[in-house]
Amino acid sequence: MSGLPRSPGFDLIGRRALVTGASSGIGLGCAVALGEAGAHVICAARRPGPLQEVRDAMAAAGLSAEAMVLDQTDLGALEAAFADPFDVVINSAGLARHSPAIETTPGDFDAVMNVNLRSAYFLSAFAARALIAAGRPGSVIHISSQMGHVGGVDRAVYCASKHALEGMVRSMAIEWGKAGIRINTICPTFIRTPLTKETFASPERLAWIMEKIKLPRVGEVEDIMGAAVFLASDASAMVTGTSMLIDGGWTAG
């Protein structure tokens, strides 16, 4: 043989990454995963106290990180955050307000769409614009949901926001591919985080979840971390405009 193929690798050494929603849950897991892969991680979230705790814990673990207080629904502040381009952007900020569709209020609808879709749209656009201006490739990753592919009880608004996010990502992938900018989603099932504590505390909801998940457990934050590194790294250099379902088989049928 003339030579064996070489893996492009999963390291992110020398990469600059932004993770939103990084103060807890999936966002925290993604920030740690990128840091462990060698990236310098800017951890962004609205709450300065928990955010600083994350940054300090990452630094104590030998990871390169800094904190950025950011409300990404403030589009002016969001645009300013992209004054310099990021090689990797993971958007993990999200909002859920569940209710039967006939009881959804306009306020709840607007709040969910403002975080899950509007801010995600412009975050993507600002990230891509900065990369294009610098003539650099990059990877944009949105934490979507299995609910971007199916429906769910009392989740009409949330599902609407995530289905829209999936379509948005596919269109942006077409638009930015020639510039070397990849954009994808990670679609988790129910992951054990502070935000899902109330759901898991309901025997009825837990029974519904365990009926749908084909594996014998619910998801953990660690289940998302490898996917984040894969989509951020050169190992996924030909992956764009798609969804990585980490749903324990929920959408398999």
# chains A, B, ... in the order shown; residues from 1 in each chain; ligands from 1
call {"tool": "residues_around", "arguments": {"residues": "segment 176-187 of chain A", "least_positions_apart": "6", "cutoff": "9 Å", "atoms": "only C-alpha atoms", "output": "JSON, numbers by chain"}}
result
{"A": [124, 128, 131, 132, 135, 136, 137, 138, 139, 140, 141, 142, 143, 144, 145, 146, 147, 148, 149, 165, 166, 169, 170, 224, 227, 228, 231, 237, 238, 239, 240, 241, 242, 243, 244, 245, 246, 247]}
call {"tool": "select_by_dssp", "arguments": {"residues": "segment 49-230 of chain A", "states": "strand (DSSP E or B)", "output": "VMD selection string"}}
result
chain A and resid 65 to 69 88 to 91 99 138 to 143 155 181 to 188 191 219
call {"tool": "residues_around", "arguments": {"residues": "Gly62 of chain A", "least_positions_apart": "5", "cutoff": "10 Å", "atoms": "only C-alpha atoms", "output": "PyMOL selection string"}}
result
chain A and resi 35-36+56-57
call {"tool": "closest_residue", "arguments": {"among": "A:Phe126, A:Phe190, A:Tyr158, A:Phe109", "to": "Gly76 of chain A", "atoms": "only C-alpha atoms"}}
result
A:Phe126
call {"tool": "closest_residue", "arguments": {"among": "A:Pro48, A:Gly14, A:Gly226, A:Gly248", "to": "Ile209 of chain A", "atoms": "only C-alpha atoms"}}
result
A:Gly248
call {"tool": "residues_around", "arguments": {"residues": "segment 71-74 of chain A", "least_positions_apart": "2", "cutoff": "8 Å", "atoms": "only C-alpha atoms", "output": "ChimeraX atom specification"}}
result
/A:45-46,69,76-78,114-115,118-119,123
call {"tool": "select_by_dssp", "arguments": {"residues": "segment 70-136 of chain A", "states": "helix (DSSP H, G or I)", "output": "JSON, numbers by chain"}}
result
{"A": [75, 76, 77, 78, 79, 80, 81, 101, 102, 103, 106, 107, 108, 109, 110, 111, 112, 113, 114, 115, 116, 117, 118, 119, 120, 121, 122, 123, 124, 125, 126, 127, 128, 129, 130, 131, 132, 133, 134]}
call {"tool": "write_last_selection", "arguments": {"atoms": "N, CA, C and O atoms", "output": "short mmCIF file (atom, residue, chain, number, x, y, z; two decimals), in the first residue's frame"}}
result
data_model
loop_
_atom_site.label_atom_id
_atom_site.label_comp_id
_atom_site.auth_asym_id
_atom_site.auth_seq_id
_atom_site.Cartn_x
_atom_site.Cartn_y
_atom_site.Cartn_z
N LEU A 75 -30.15 42.01 20.62
CA LEU A 75 -29.42 41.81 19.37
C LEU A 75 -28.23 42.75 19.23
O LEU A 75 -27.23 42.41 18.58
N GLY A 76 -28.30 43.92 19.83
CA GLY A 76 -27.16 44.81 19.80
C GLY A 76 -25.97 44.23 20.55
O GLY A 76 -24.83 44.24 20.06
N ALA A 77 -26.23 43.71 21.73
CA ALA A 77 -25.16 43.07 22.51
C ALA A 77 -24.66 41.82 21.82
O ALA A 77 -23.46 41.52 21.83
N LEU A 78 -25.58 41.09 21.21
CA LEU A 78 -25.20 39.86 20.51
C LEU A 78 -24.29 40.17 19.33
O LEU A 78 -23.26 39.52 19.13
N GLU A 79 -24.63 41.17 18.56
CA GLU A 79 -23.80 41.55 17.42
C GLU A 79 -22.42 42.00 17.88
O GLU A 79 -21.39 41.66 17.27
N ALA A 80 -22.37 42.74 18.99
CA ALA A 80 -21.09 43.22 19.51
C ALA A 80 -20.20 42.07 19.94
O ALA A 80 -18.96 42.16 19.87
N ALA A 81 -20.79 40.97 20.37
CA ALA A 81 -20.01 39.81 20.81
C ALA A 81 -19.23 39.20 19.66
O ALA A 81 -18.23 38.50 19.88
N ALA A 101 -52.00 23.60 23.63
CA ALA A 101 -51.98 24.65 22.61
C ALA A 101 -53.10 25.66 22.79
O ALA A 101 -52.89 26.87 22.57
N ILE A 102 -54.28 25.21 23.22
CA ILE A 102 -55.40 26.14 23.36
C ILE A 102 -55.24 27.06 24.56
O ILE A 102 -56.00 28.03 24.71
N GLU A 103 -54.24 26.79 25.39
CA GLU A 103 -53.99 27.64 26.55
C GLU A 103 -52.73 28.50 26.39
O GLU A 103 -52.38 29.27 27.29
N PRO A 106 -50.08 34.67 24.05
CA PRO A 106 -49.17 35.35 23.14
C PRO A 106 -47.83 35.67 23.80
O PRO A 106 -46.78 35.62 23.14
N GLY A 107 -47.85 35.97 25.09
CA GLY A 107 -46.59 36.28 25.79
C GLY A 107 -45.67 35.09 25.84
O GLY A 107 -44.45 35.22 25.62
N ASP A 108 -46.22 33.90 26.13
CA ASP A 108 -45.40 32.70 26.17
C ASP A 108 -44.89 32.35 24.77
O ASP A 108 -43.72 31.95 24.60
N PHE A 109 -45.74 32.48 23.77
CA PHE A 109 -45.33 32.21 22.40
C PHE A 109 -44.16 33.11 22.00
O PHE A 109 -43.14 32.64 21.49
N ASP A 110 -44.31 34.40 22.25
CA ASP A 110 -43.26 35.34 21.86
C ASP A 110 -41.97 35.09 22.63
O ASP A 110 -40.87 35.21 22.06
N ALA A 111 -42.06 34.77 23.91
CA ALA A 111 -40.86 34.54 24.72
C ALA A 111 -40.07 33.35 24.19
O ALA A 111 -38.84 33.41 24.06
N VAL A 112 -40.76 32.25 23.89
CA VAL A 112 -40.08 31.05 23.39
C VAL A 112 -39.46 31.31 22.03
O VAL A 112 -38.30 30.96 21.77
N MET A 113 -40.21 31.93 21.13
CA MET A 113 -39.69 32.20 19.80
C MET A 113 -38.54 33.20 19.83
O MET A 113 -37.59 33.11 19.04
N ASN A 114 -38.59 34.14 20.74
CA ASN A 114 -37.53 35.15 20.84
C ASN A 114 -36.19 34.52 21.18
O ASN A 114 -35.16 34.87 20.61
N VAL A 115 -36.20 33.56 22.10
CA VAL A 115 -34.96 32.89 22.49
C VAL A 115 -34.58 31.79 21.51
O VAL A 115 -33.47 31.74 20.99
N ASN A 116 -35.53 30.88 21.24
CA ASN A 116 -35.20 29.66 20.51
C ASN A 116 -35.01 29.87 19.01
O ASN A 116 -34.33 29.07 18.36
N LEU A 117 -35.63 30.91 18.46
CA LEU A 117 -35.54 31.11 17.01
C LEU A 117 -34.94 32.45 16.62
O LEU A 117 -33.95 32.50 15.90
N ARG A 118 -35.50 33.53 17.12
CA ARG A 118 -35.03 34.86 16.71
C ARG A 118 -33.57 35.07 17.09
O ARG A 118 -32.74 35.45 16.24
N SER A 119 -33.22 34.81 18.34
CA SER A 119 -31.84 35.03 18.75
C SER A 119 -30.91 34.03 18.06
O SER A 119 -29.78 34.36 17.71
N ALA A 120 -31.40 32.80 17.85
CA ALA A 120 -30.59 31.79 17.15
C ALA A 120 -30.31 32.20 15.71
O ALA A 120 -29.21 31.98 15.18
N TYR A 121 -31.32 32.79 15.07
CA TYR A 121 -31.16 33.24 13.69
C TYR A 121 -30.06 34.30 13.58
O TYR A 121 -29.14 34.18 12.76
N PHE A 122 -30.16 35.30 14.41
CA PHE A 122 -29.20 36.40 14.29
C PHE A 122 -27.83 36.02 14.85
O PHE A 122 -26.81 36.50 14.35
N LEU A 123 -27.78 35.17 15.86
CA LEU A 123 -26.49 34.64 16.30
C LEU A 123 -25.77 33.97 15.14
O LEU A 123 -24.57 34.20 14.91
N SER A 124 -26.48 33.15 14.39
CA SER A 124 -25.89 32.47 13.23
C SER A 124 -25.41 33.48 12.20
O SER A 124 -24.29 33.36 11.67
N ALA A 125 -26.26 34.46 11.91
CA ALA A 125 -25.91 35.45 10.89
C ALA A 125 -24.69 36.27 11.31
O ALA A 125 -23.79 36.53 10.50
N PHE A 126 -24.64 36.69 12.58
CA PHE A 126 -23.50 37.47 13.05
C PHE A 126 -22.22 36.64 13.03
O PHE A 126 -21.15 37.13 12.66
N ALA A 127 -22.33 35.37 13.42
CA ALA A 127 -21.16 34.48 13.42
C ALA A 127 -20.64 34.30 12.00
O ALA A 127 -19.42 34.38 11.76
N ALA A 128 -21.53 34.05 11.06
CA ALA A 128 -21.12 33.83 9.67
C ALA A 128 -20.55 35.10 9.05
O ALA A 128 -19.55 35.05 8.33
N ARG A 129 -21.17 36.22 9.32
CA ARG A 129 -20.70 37.48 8.75
C ARG A 129 -19.26 37.78 9.20
O ARG A 129 -18.42 38.21 8.38
N ALA A 130 -18.97 37.54 10.48
CA ALA A 130 -17.62 37.79 10.99
C ALA A 130 -16.61 36.85 10.34
O ALA A 130 -15.49 37.26 9.99
N LEU A 131 -16.99 35.59 10.16
CA LEU A 131 -16.09 34.63 9.52
C LEU A 131 -15.85 34.98 8.05
O LEU A 131 -14.72 34.91 7.56
N ILE A 132 -16.92 35.33 7.35
CA ILE A 132 -16.79 35.68 5.93
C ILE A 132 -15.90 36.91 5.76
O ILE A 132 -15.04 36.95 4.88
N ALA A 133 -16.08 37.90 6.63
CA ALA A 133 -15.26 39.11 6.55
C ALA A 133 -13.79 38.81 6.78
O ALA A 133 -12.91 39.45 6.19
N ALA A 134 -13.52 37.81 7.62
CA ALA A 134 -12.13 37.43 7.91
C ALA A 134 -11.59 36.40 6.93
O ALA A 134 -10.41 36.06 6.99
#
call {"tool": "residues_around", "arguments": {"residues": "Phe230 of chain A", "least_positions_apart": "6", "cutoff": "10 Å", "atoms": "only C-alpha atoms", "output": "JSON, numbers by chain"}}
result
{"A": [9, 10, 11, 12, 34, 236, 237, 239]}
call {"tool": "residues_around", "arguments": {"residues": "Leu28 of chain A", "least_positions_apart": "2", "cutoff": "10 Å", "atoms": "only C-alpha atoms", "output": "list in words"}}
result
Val19, Thr20, Gly21, Ala22, Ser23, Ser24, Gly25, Ile26, Cys30, Ala31, Val32, Ala33, Cys43, Ala44, Leu51, Val54, Arg55, Met58, Ser92, Val221 and Met225 of chain A
call {"tool": "closest_residue", "arguments": {"among": "A:Val157, A:Val150, A:Ala235, A:Val218", "to": "Ile191 of chain A", "atoms": "only C-alpha atoms"}}
result
A:Val218
